[in-house]
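Peer 1: Structure below; questions to follow.
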Amino acid sequence: MIGRLLTGVLGLASGLLSGTTANAQDTAPDFRSEILPILERSCFDCHQAPRRDADGRLRKPKGGLRLDGPSHFRAGGDNGAVLVAGQPDESPLYARTVLPPDDIDIMPEDGDPLSDAETALLRRWIDGGASFGDWQGSDAAGDQAERVAESIPLPSAQSRARAAEGLSPLAQSKLGKALGEHGRAEALDPERRLFRIHFAAHQDQVTDQTLKALTPVAEHVFTLDLRRTALTDRAVPDLLRFGRLHRLELGRTALTSKALAKLAQFEHLEDLVLVGTKGCDDAVLDALVEARPLRQLYVWGSSVTEQGLRRFATARPDVRVVAAPPLPPPPARDDDDAPPRRRR
Ligand code: HEC
């Protein structure tokens, strides 16, 4: 009897063991479709690139940890590595999500803990080697210049107040529908009339169709970040429907010179970021001479020439043109008093 019981238990145990191994090796969850959505929903708010909030305050990633590109997972946080492939229990990225709900170290720091199904997926992903597949997130951006552009302050509170005039608050349901699967929105005013829209770590999946789906809420979009998206020239008519846009980022897109020249038609566009956009040449600069509201233009890594820049500067001395990557800003000290960031 005891013998049979024991055999049964052992059988069960070895079944479980082999089951786990098979899972880890054969069916490790796919990062992009199964893991990324969990992190986006529960972690990104506190663990992404430094950015300015609506009040112009710099929000740095908490604990020095960013989760918006594979290199950032590898770099870890202020206390070192967060991800050890094959070893979930040694990986704070997982281990801190399965602490008791009242433990002060549990992640996410605020809000609901991850569900058992979510932590199980995370565990299996790390068990199975923690592969990111083809996901590059913000790593694709690569150069430091673009990261500097991320922390450029938003247009002034004054232009925001002016832009919100006559707008009523935007219903969450309508916004949610327009954003689709990958769009993210941050309200820039307490009444939720104006928004900053971006696509977090999914830029490469943003197409002309994504932009078209966003047009029902176009007048509420104050800043639109489309850098590194798969947008084509055919999206430009839809783009021009975002009549209250004050800041537009189209860096590293494949838009051509002819399409980019049409951006001069925006009536309120103050900041235009075309970093690394090869279609941006002197013809685009010549067209932008007519863009009256323009205040700042970022064109490093594009195809503009010295000559084109000189011509533009003569015609529009009021526009600040940034044609070379600026030096990185000094380490910001206006957020939490985190310990100095560990270097890889
Ligand atoms: C509301 C903000 C917030 C959210 C959401 C959040 N975190 Fe954190 N996280 C923090 C803060 C603050 C710290 C630094 C203090 C600490 O370590 O507790 C931190 C630190 C960490 C660290 C340690 C980094 C280091 O090296 O010190 C890990 C790992 C981590 N978080 C993982 C996650 C994961 C995984 C999620 C999502 C499941 C998540 N966090 C969601 C605020 C947050």
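Each chain in the structure tokens gets a letter, A, B, ..., in the order shown, and its residues are numbered from 1; ligands are numbered from 1 in order too.
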I'd like the contact shell of Asn79 in chain A - 8 Å cut-off, only C-alpha atoms, skipping same-chain residues fewer than 2 positions apart - returned as an MDAnalysis selection string.
Peer 2: chainID A and resid 63 76:77 81 342
Peer 1: Go ahead and write the selection's residues with all heavy atoms as a PDB file, in the first residue's frame.
Peer 2:
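And here is the file that came out, part.pdb:
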ATOM      1  N   GLY A  63      14.371  53.249  -9.738  1.00  0.00           N
ATOM      2  CA  GLY A  63      15.405  52.272  -9.415  1.00  0.00           C
ATOM      3  C   GLY A  63      16.465  52.173 -10.501  1.00  0.00           C
ATOM      4  O   GLY A  63      17.208  51.206 -10.565  1.00  0.00           O
ATOM      5  N   GLY A  76      20.289  46.257 -16.317  1.00  0.00           N
ATOM      6  CA  GLY A  76      19.811  46.151 -14.946  1.00  0.00           C
ATOM      7  C   GLY A  76      19.458  47.485 -14.335  1.00  0.00           C
ATOM      8  O   GLY A  76      19.288  48.484 -15.044  1.00  0.00           O
ATOM      9  N   GLY A  77      19.364  47.513 -13.008  1.00  0.00           N
ATOM     10  CA  GLY A  77      18.984  48.735 -12.302  1.00  0.00           C
ATOM     11  C   GLY A  77      20.086  49.195 -11.370  1.00  0.00           C
ATOM     12  O   GLY A  77      21.234  48.748 -11.498  1.00  0.00           O
ATOM     13  N   ALA A  81      22.092  43.388 -11.861  1.00  0.00           N
ATOM     14  CA  ALA A  81      21.317  42.586 -12.813  1.00  0.00           C
ATOM     15  C   ALA A  81      19.897  42.354 -12.315  1.00  0.00           C
ATOM     16  O   ALA A  81      19.663  42.186 -11.119  1.00  0.00           O
ATOM     17  CB  ALA A  81      22.014  41.255 -13.038  1.00  0.00           C
ATOM     18  N   ARG A 342      24.702  52.447 -11.674  1.00  0.00           N
ATOM     19  CA  ARG A 342      25.797  51.527 -11.906  1.00  0.00           C
ATOM     20  C   ARG A 342      26.074  51.435 -13.392  1.00  0.00           C
ATOM     21  O   ARG A 342      25.164  51.348 -14.194  1.00  0.00           O
ATOM     22  CB  ARG A 342      25.381  50.150 -11.416  1.00  0.00           C
ATOM     23  CG  ARG A 342      26.502  49.319 -10.844  1.00  0.00           C
ATOM     24  CD  ARG A 342      25.912  47.973 -10.448  1.00  0.00           C
ATOM     25  NE  ARG A 342      25.321  47.355 -11.637  1.00  0.00           N
ATOM     26  CZ  ARG A 342      25.743  46.221 -12.167  1.00  0.00           C
ATOM     27  NH1 ARG A 342      26.783  45.609 -11.631  1.00  0.00           N
ATOM     28  NH2 ARG A 342      25.171  45.694 -13.214  1.00  0.00           N
TER      29      ARG A 342
END
Peer 1: Could you give me, as an mmCIF file with N, CA, C and O atoms, in the first residue's frame, every polymer residue with an atom at most 7 Å away from an atom of ligand 1, counting only C-alpha atoms and all ligand atoms?
Peer 2:
data_model
loop_
_atom_site.group_PDB
_atom_site.id
_atom_site.type_symbol
_atom_site.label_atom_id
_atom_site.label_comp_id
_atom_site.auth_asym_id
_atom_site.auth_seq_id
_atom_site.Cartn_x
_atom_site.Cartn_y
_atom_site.Cartn_z
ATOM 1 N N LEU A 39 4.378 43.516 -19.056
ATOM 2 C CA LEU A 39 5.296 44.554 -18.566
ATOM 3 C C LEU A 39 4.759 45.943 -18.907
ATOM 4 O O LEU A 39 4.861 46.868 -18.109
ATOM 5 N N SER A 42 1.910 46.750 -16.473
ATOM 6 C CA SER A 42 2.174 46.827 -15.036
ATOM 7 C C SER A 42 3.499 47.482 -14.655
ATOM 8 O O SER A 42 3.686 47.808 -13.499
ATOM 9 N N CYS A 43 4.405 47.627 -15.589
ATOM 10 C CA CYS A 43 5.743 48.078 -15.201
ATOM 11 C C CYS A 43 6.226 49.339 -15.942
ATOM 12 O O CYS A 43 6.994 50.120 -15.395
ATOM 13 N N PHE A 44 5.820 49.506 -17.185
ATOM 14 C CA PHE A 44 6.398 50.560 -18.012
ATOM 15 C C PHE A 44 6.233 51.952 -17.428
ATOM 16 O O PHE A 44 7.071 52.812 -17.607
ATOM 17 N N ASP A 45 5.116 52.160 -16.755
ATOM 18 C CA ASP A 45 4.860 53.507 -16.271
ATOM 19 C C ASP A 45 6.034 54.027 -15.442
ATOM 20 O O ASP A 45 6.364 55.203 -15.497
ATOM 21 N N CYS A 46 6.669 53.148 -14.692
ATOM 22 C CA CYS A 46 7.777 53.570 -13.829
ATOM 23 C C CYS A 46 9.152 53.174 -14.369
ATOM 24 O O CYS A 46 10.167 53.598 -13.838
ATOM 25 N N HIS A 47 9.166 52.309 -15.356
ATOM 26 C CA HIS A 47 10.465 51.799 -15.818
ATOM 27 C C HIS A 47 10.648 52.011 -17.320
ATOM 28 O O HIS A 47 10.683 51.068 -18.095
ATOM 29 N N LYS A 62 12.406 54.452 -12.425
ATOM 30 C CA LYS A 62 12.544 54.146 -11.000
ATOM 31 C C LYS A 62 13.603 53.063 -10.775
ATOM 32 O O LYS A 62 13.685 52.094 -11.524
ATOM 33 N N GLY A 63 14.371 53.249 -9.738
ATOM 34 C CA GLY A 63 15.405 52.272 -9.415
ATOM 35 C C GLY A 63 16.465 52.173 -10.501
ATOM 36 O O GLY A 63 17.208 51.206 -10.565
ATOM 37 N N GLY A 64 16.514 53.184 -11.387
ATOM 38 C CA GLY A 64 17.503 53.171 -12.467
ATOM 39 C C GLY A 64 17.220 52.090 -13.503
ATOM 40 O O GLY A 64 18.073 51.790 -14.331
ATOM 41 N N LEU A 65 16.019 51.522 -13.466
ATOM 42 C CA LEU A 65 15.716 50.377 -14.337
ATOM 43 C C LEU A 65 14.755 50.762 -15.461
ATOM 44 O O LEU A 65 13.663 51.247 -15.209
ATOM 45 N N GLY A 76 20.289 46.257 -16.317
ATOM 46 C CA GLY A 76 19.811 46.151 -14.946
ATOM 47 C C GLY A 76 19.458 47.485 -14.335
ATOM 48 O O GLY A 76 19.288 48.484 -15.044
ATOM 49 N N GLY A 77 19.364 47.513 -13.008
ATOM 50 C CA GLY A 77 18.984 48.735 -12.302
ATOM 51 C C GLY A 77 20.086 49.195 -11.370
ATOM 52 O O GLY A 77 21.234 48.748 -11.498
ATOM 53 N N ASP A 78 19.740 50.068 -10.442
ATOM 54 C CA ASP A 78 20.741 50.607 -9.518
ATOM 55 C C ASP A 78 21.449 49.502 -8.726
ATOM 56 O O ASP A 78 22.584 49.660 -8.313
ATOM 57 N N ASN A 79 20.739 48.399 -8.526
ATOM 58 C CA ASN A 79 21.351 47.328 -7.733
ATOM 59 C C ASN A 79 21.887 46.190 -8.578
ATOM 60 O O ASN A 79 22.120 45.087 -8.078
ATOM 61 N N GLY A 80 22.060 46.428 -9.843
ATOM 62 C CA GLY A 80 22.687 45.403 -10.679
ATOM 63 C C GLY A 80 21.698 44.641 -11.534
ATOM 64 O O GLY A 80 20.629 45.153 -11.878
ATOM 65 N N ALA A 81 22.092 43.388 -11.861
ATOM 66 C CA ALA A 81 21.317 42.586 -12.813
ATOM 67 C C ALA A 81 19.897 42.354 -12.315
ATOM 68 O O ALA A 81 19.663 42.186 -11.119
ATOM 69 N N VAL A 82 18.944 42.363 -13.227
ATOM 70 C CA VAL A 82 17.569 42.043 -12.862
ATOM 71 C C VAL A 82 17.084 40.779 -13.560
ATOM 72 O O VAL A 82 16.034 40.263 -13.243
ATOM 73 N N PRO A 92 15.560 39.367 -10.121
ATOM 74 C CA PRO A 92 14.622 40.268 -9.434
ATOM 75 C C PRO A 92 13.412 40.631 -10.304
ATOM 76 O O PRO A 92 12.326 40.853 -9.799
ATOM 77 N N LEU A 93 13.608 40.646 -11.610
ATOM 78 C CA LEU A 93 12.519 40.971 -12.522
ATOM 79 C C LEU A 93 11.317 40.053 -12.288
ATOM 80 O O LEU A 93 10.172 40.466 -12.403
ATOM 81 N N TYR A 94 11.592 38.796 -11.966
ATOM 82 C CA TYR A 94 10.520 37.855 -11.633
ATOM 83 C C TYR A 94 10.310 37.798 -10.120
ATOM 84 O O TYR A 94 9.191 37.930 -9.622
ATOM 85 N N ARG A 96 10.673 39.695 -7.701
ATOM 86 C CA ARG A 96 9.975 40.771 -6.986
ATOM 87 C C ARG A 96 8.493 40.841 -7.319
ATOM 88 O O ARG A 96 7.756 41.594 -6.692
ATOM 89 N N THR A 97 8.053 40.069 -8.303
ATOM 90 C CA THR A 97 6.615 40.061 -8.616
ATOM 91 C C THR A 97 5.871 38.988 -7.828
ATOM 92 O O THR A 97 4.653 38.977 -7.815
ATOM 93 N N ASP A 105 8.858 45.328 -1.005
ATOM 94 C CA ASP A 105 9.638 45.216 -2.234
ATOM 95 C C ASP A 105 8.838 44.691 -3.422
ATOM 96 O O ASP A 105 9.375 44.581 -4.535
ATOM 97 N N MET A 107 6.783 44.216 -6.731
ATOM 98 C CA MET A 107 6.564 44.976 -7.962
ATOM 99 C C MET A 107 5.342 44.411 -8.662
ATOM 100 O O MET A 107 5.184 43.184 -8.692
ATOM 101 N N PRO A 108 4.477 45.214 -9.305
ATOM 102 C CA PRO A 108 4.575 46.670 -9.338
ATOM 103 C C PRO A 108 4.453 47.310 -7.954
ATOM 104 O O PRO A 108 3.762 46.774 -7.098
ATOM 105 N N GLU A 109 5.116 48.441 -7.800
ATOM 106 C CA GLU A 109 5.143 49.110 -6.513
ATOM 107 C C GLU A 109 3.744 49.547 -6.106
ATOM 108 O O GLU A 109 3.388 49.507 -4.933
ATOM 109 N N ASP A 110 2.964 50.007 -7.075
ATOM 110 C CA ASP A 110 1.581 50.419 -6.827
ATOM 111 C C ASP A 110 0.642 49.519 -7.610
ATOM 112 O O ASP A 110 1.045 48.900 -8.572
ATOM 113 N N LEU A 114 0.785 41.181 -10.048
ATOM 114 C CA LEU A 114 0.529 40.379 -11.242
ATOM 115 C C LEU A 114 -0.303 39.157 -10.845
ATOM 116 O O LEU A 114 -0.217 38.674 -9.722
#
Peer 1: Using only C-alpha atoms, find each residue of range 242-295 of chain A with at least one atom at most 12 Å away from an atom of range 124-143 of chain A; report its shortest atom-to-atom pair and that distance in Å (one decimal), sort the rows by chain and rising residue number, and return the result as a Markdown table.
Peer 2:
| residue | atom | partner | partner_atom | distance |
| --- | --- | --- | --- | --- |
| A:Gly251 | CA | A:Ala141 | CA | 9.4 |
| A:Arg252 | CA | A:Ala141 | CA | 8.3 |
| A:Thr253 | CA | A:Ala141 | CA | 11.3 |
| A:Val275 | CA | A:Ala141 | CA | 10.2 |
| A:Gly276 | CA | A:Ala141 | CA | 9.5 |
| A:Thr277 | CA | A:Ala141 | CA | 11.9 |
Peer 1: Save out the residues we just selected, N, CA and C atoms, as a compact mmCIF listing (two decimals), in the first residue's frame.
Peer 2:
# COMPACT_ATOMS: atom_id res chain seq x y z
N GLY A 251 11.26 61.05 -36.67
CA GLY A 251 12.64 60.59 -36.85
C GLY A 251 12.70 59.15 -37.34
N ARG A 252 13.70 58.89 -38.18
CA ARG A 252 13.95 57.53 -38.67
C ARG A 252 12.73 56.88 -39.31
N THR A 253 11.97 57.67 -40.01
CA THR A 253 10.89 57.09 -40.82
C THR A 253 11.33 57.16 -42.27
N VAL A 275 15.06 63.64 -36.77
CA VAL A 275 16.38 63.07 -36.52
C VAL A 275 16.55 61.74 -37.26
N GLY A 276 17.56 61.68 -38.10
CA GLY A 276 17.84 60.42 -38.80
C GLY A 276 16.87 60.10 -39.92
N THR A 277 16.06 61.07 -40.33
CA THR A 277 15.12 60.84 -41.42
C THR A 277 15.79 61.21 -42.74
Peer 1: Identify, on the basis of only C-alpha atoms, every residue whose closest approach to Ala95 in chain A does not exceed 10 Å; exclude the query and any residue fewer than 4 positions from it along the same chain; express the result as a PyMOL selection string.
Peer 2: chain A and resi 82-83+87-91+99+105-107+119+122-123
Peer 1: With C-alpha atoms kept, could you save the residues just selected as a PDB file, in the first residue's frame?
Peer 2:
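See selection.pdb below for the written result:
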ATOM      1  CA  VAL A  82      17.569  42.043 -12.862  1.00  0.00           C
ATOM      2  CA  LEU A  83      17.432  39.170 -15.332  1.00  0.00           C
ATOM      3  CA  GLN A  87      17.177  31.345 -13.316  1.00  0.00           C
ATOM      4  CA  PRO A  88      13.899  33.008 -12.450  1.00  0.00           C
ATOM      5  CA  ASP A  89      14.503  32.906  -8.703  1.00  0.00           C
ATOM      6  CA  GLU A  90      17.793  34.763  -9.178  1.00  0.00           C
ATOM      7  CA  SER A  91      16.073  37.335 -11.390  1.00  0.00           C
ATOM      8  CA  LEU A  99       6.540  38.451  -3.058  1.00  0.00           C
ATOM      9  CA  ASP A 105       9.638  45.216  -2.234  1.00  0.00           C
ATOM     10  CA  ILE A 106       6.819  43.776  -4.345  1.00  0.00           C
ATOM     11  CA  MET A 107       6.564  44.976  -7.962  1.00  0.00           C
ATOM     12  CA  THR A 119       3.939  35.426 -12.985  1.00  0.00           C
ATOM     13  CA  LEU A 122       7.277  35.377 -16.682  1.00  0.00           C
ATOM     14  CA  ARG A 123       8.851  32.433 -14.880  1.00  0.00           C
TER      15      ARG A 123
END
Peer 1: Would you mind telling me which residue in A:Leu240, A:Ala201, A:Val322, A:Ala235 lies nearest to Val273 in chain A when using only C-alpha atoms?
Peer 2: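 Counting only C-alpha atoms, the residue closest to Val273 in chain A is A:Val322.
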Peer 1: So the first atom is CA of Arg227 in chain A and the second is CA of Leu263 in chain A; what is the distance between them in Å, to one decimal place?
Peer 2: 15.0 Å
Peer 1: Which is closer to Ile35 in chain A than all the others in A:Ala178, A:Ala324, A:Ser173, A:Leu67, using only C-alpha atoms?
Peer 2: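 Distance minimum relative to Ile35 in chain A lands on A:Leu67.
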Peer 1: Could you check how far CA of Pro37 in chain A sits from CA of Arg74 in chain A, in Å to one decimal?
Peer 2: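 Taking CA of Pro37 in chain A as the start and CA of Arg74 in chain A as the end point, the length is 19.0 Å.
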Peer 1: Enumerate the residues of range 110-327 of chain A with a DSSP assignment of alpha helix (DSSP H), computed from the backbone, and present them as a PyMOL selection string.
Peer 2: chain A and resi 116-127+144-150+157-164+172-179+208-214+236-239+257-261+282-288+306-315
Peer 1: Write out as JSON, numbers by chain the set of residues from range 58-143 of chain A that DSSP, computed on the backbone, places in strand (DSSP E or B).
Peer 2: {"A": [58, 59, 77, 80]}
Peer 1: Residues at most 10 Å from Lys212 in chain A, counting only C-alpha atoms, excluding those fewer than 5 positions away in the same chain, as a VMD selection string?
Peer 2: chain A and resid 178 207 218 235 237 to 239 241
Peer 1: Have a look at A:Thr229, A:Gln307, A:Thr27, A:Thr223 and name the one nearest to Arg160 in chain A; count only C-alpha atoms.
Peer 2: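 Distance minimum relative to Arg160 in chain A lands on A:Thr223.
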Peer 1: So how many Å separate CA of Ala264 in chain A and CA of Asp286 in chain A, to one decimal?
Peer 2: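 CA of Asp286 in chain A lies at a distance of 9.7 Å from CA of Ala264 in chain A.
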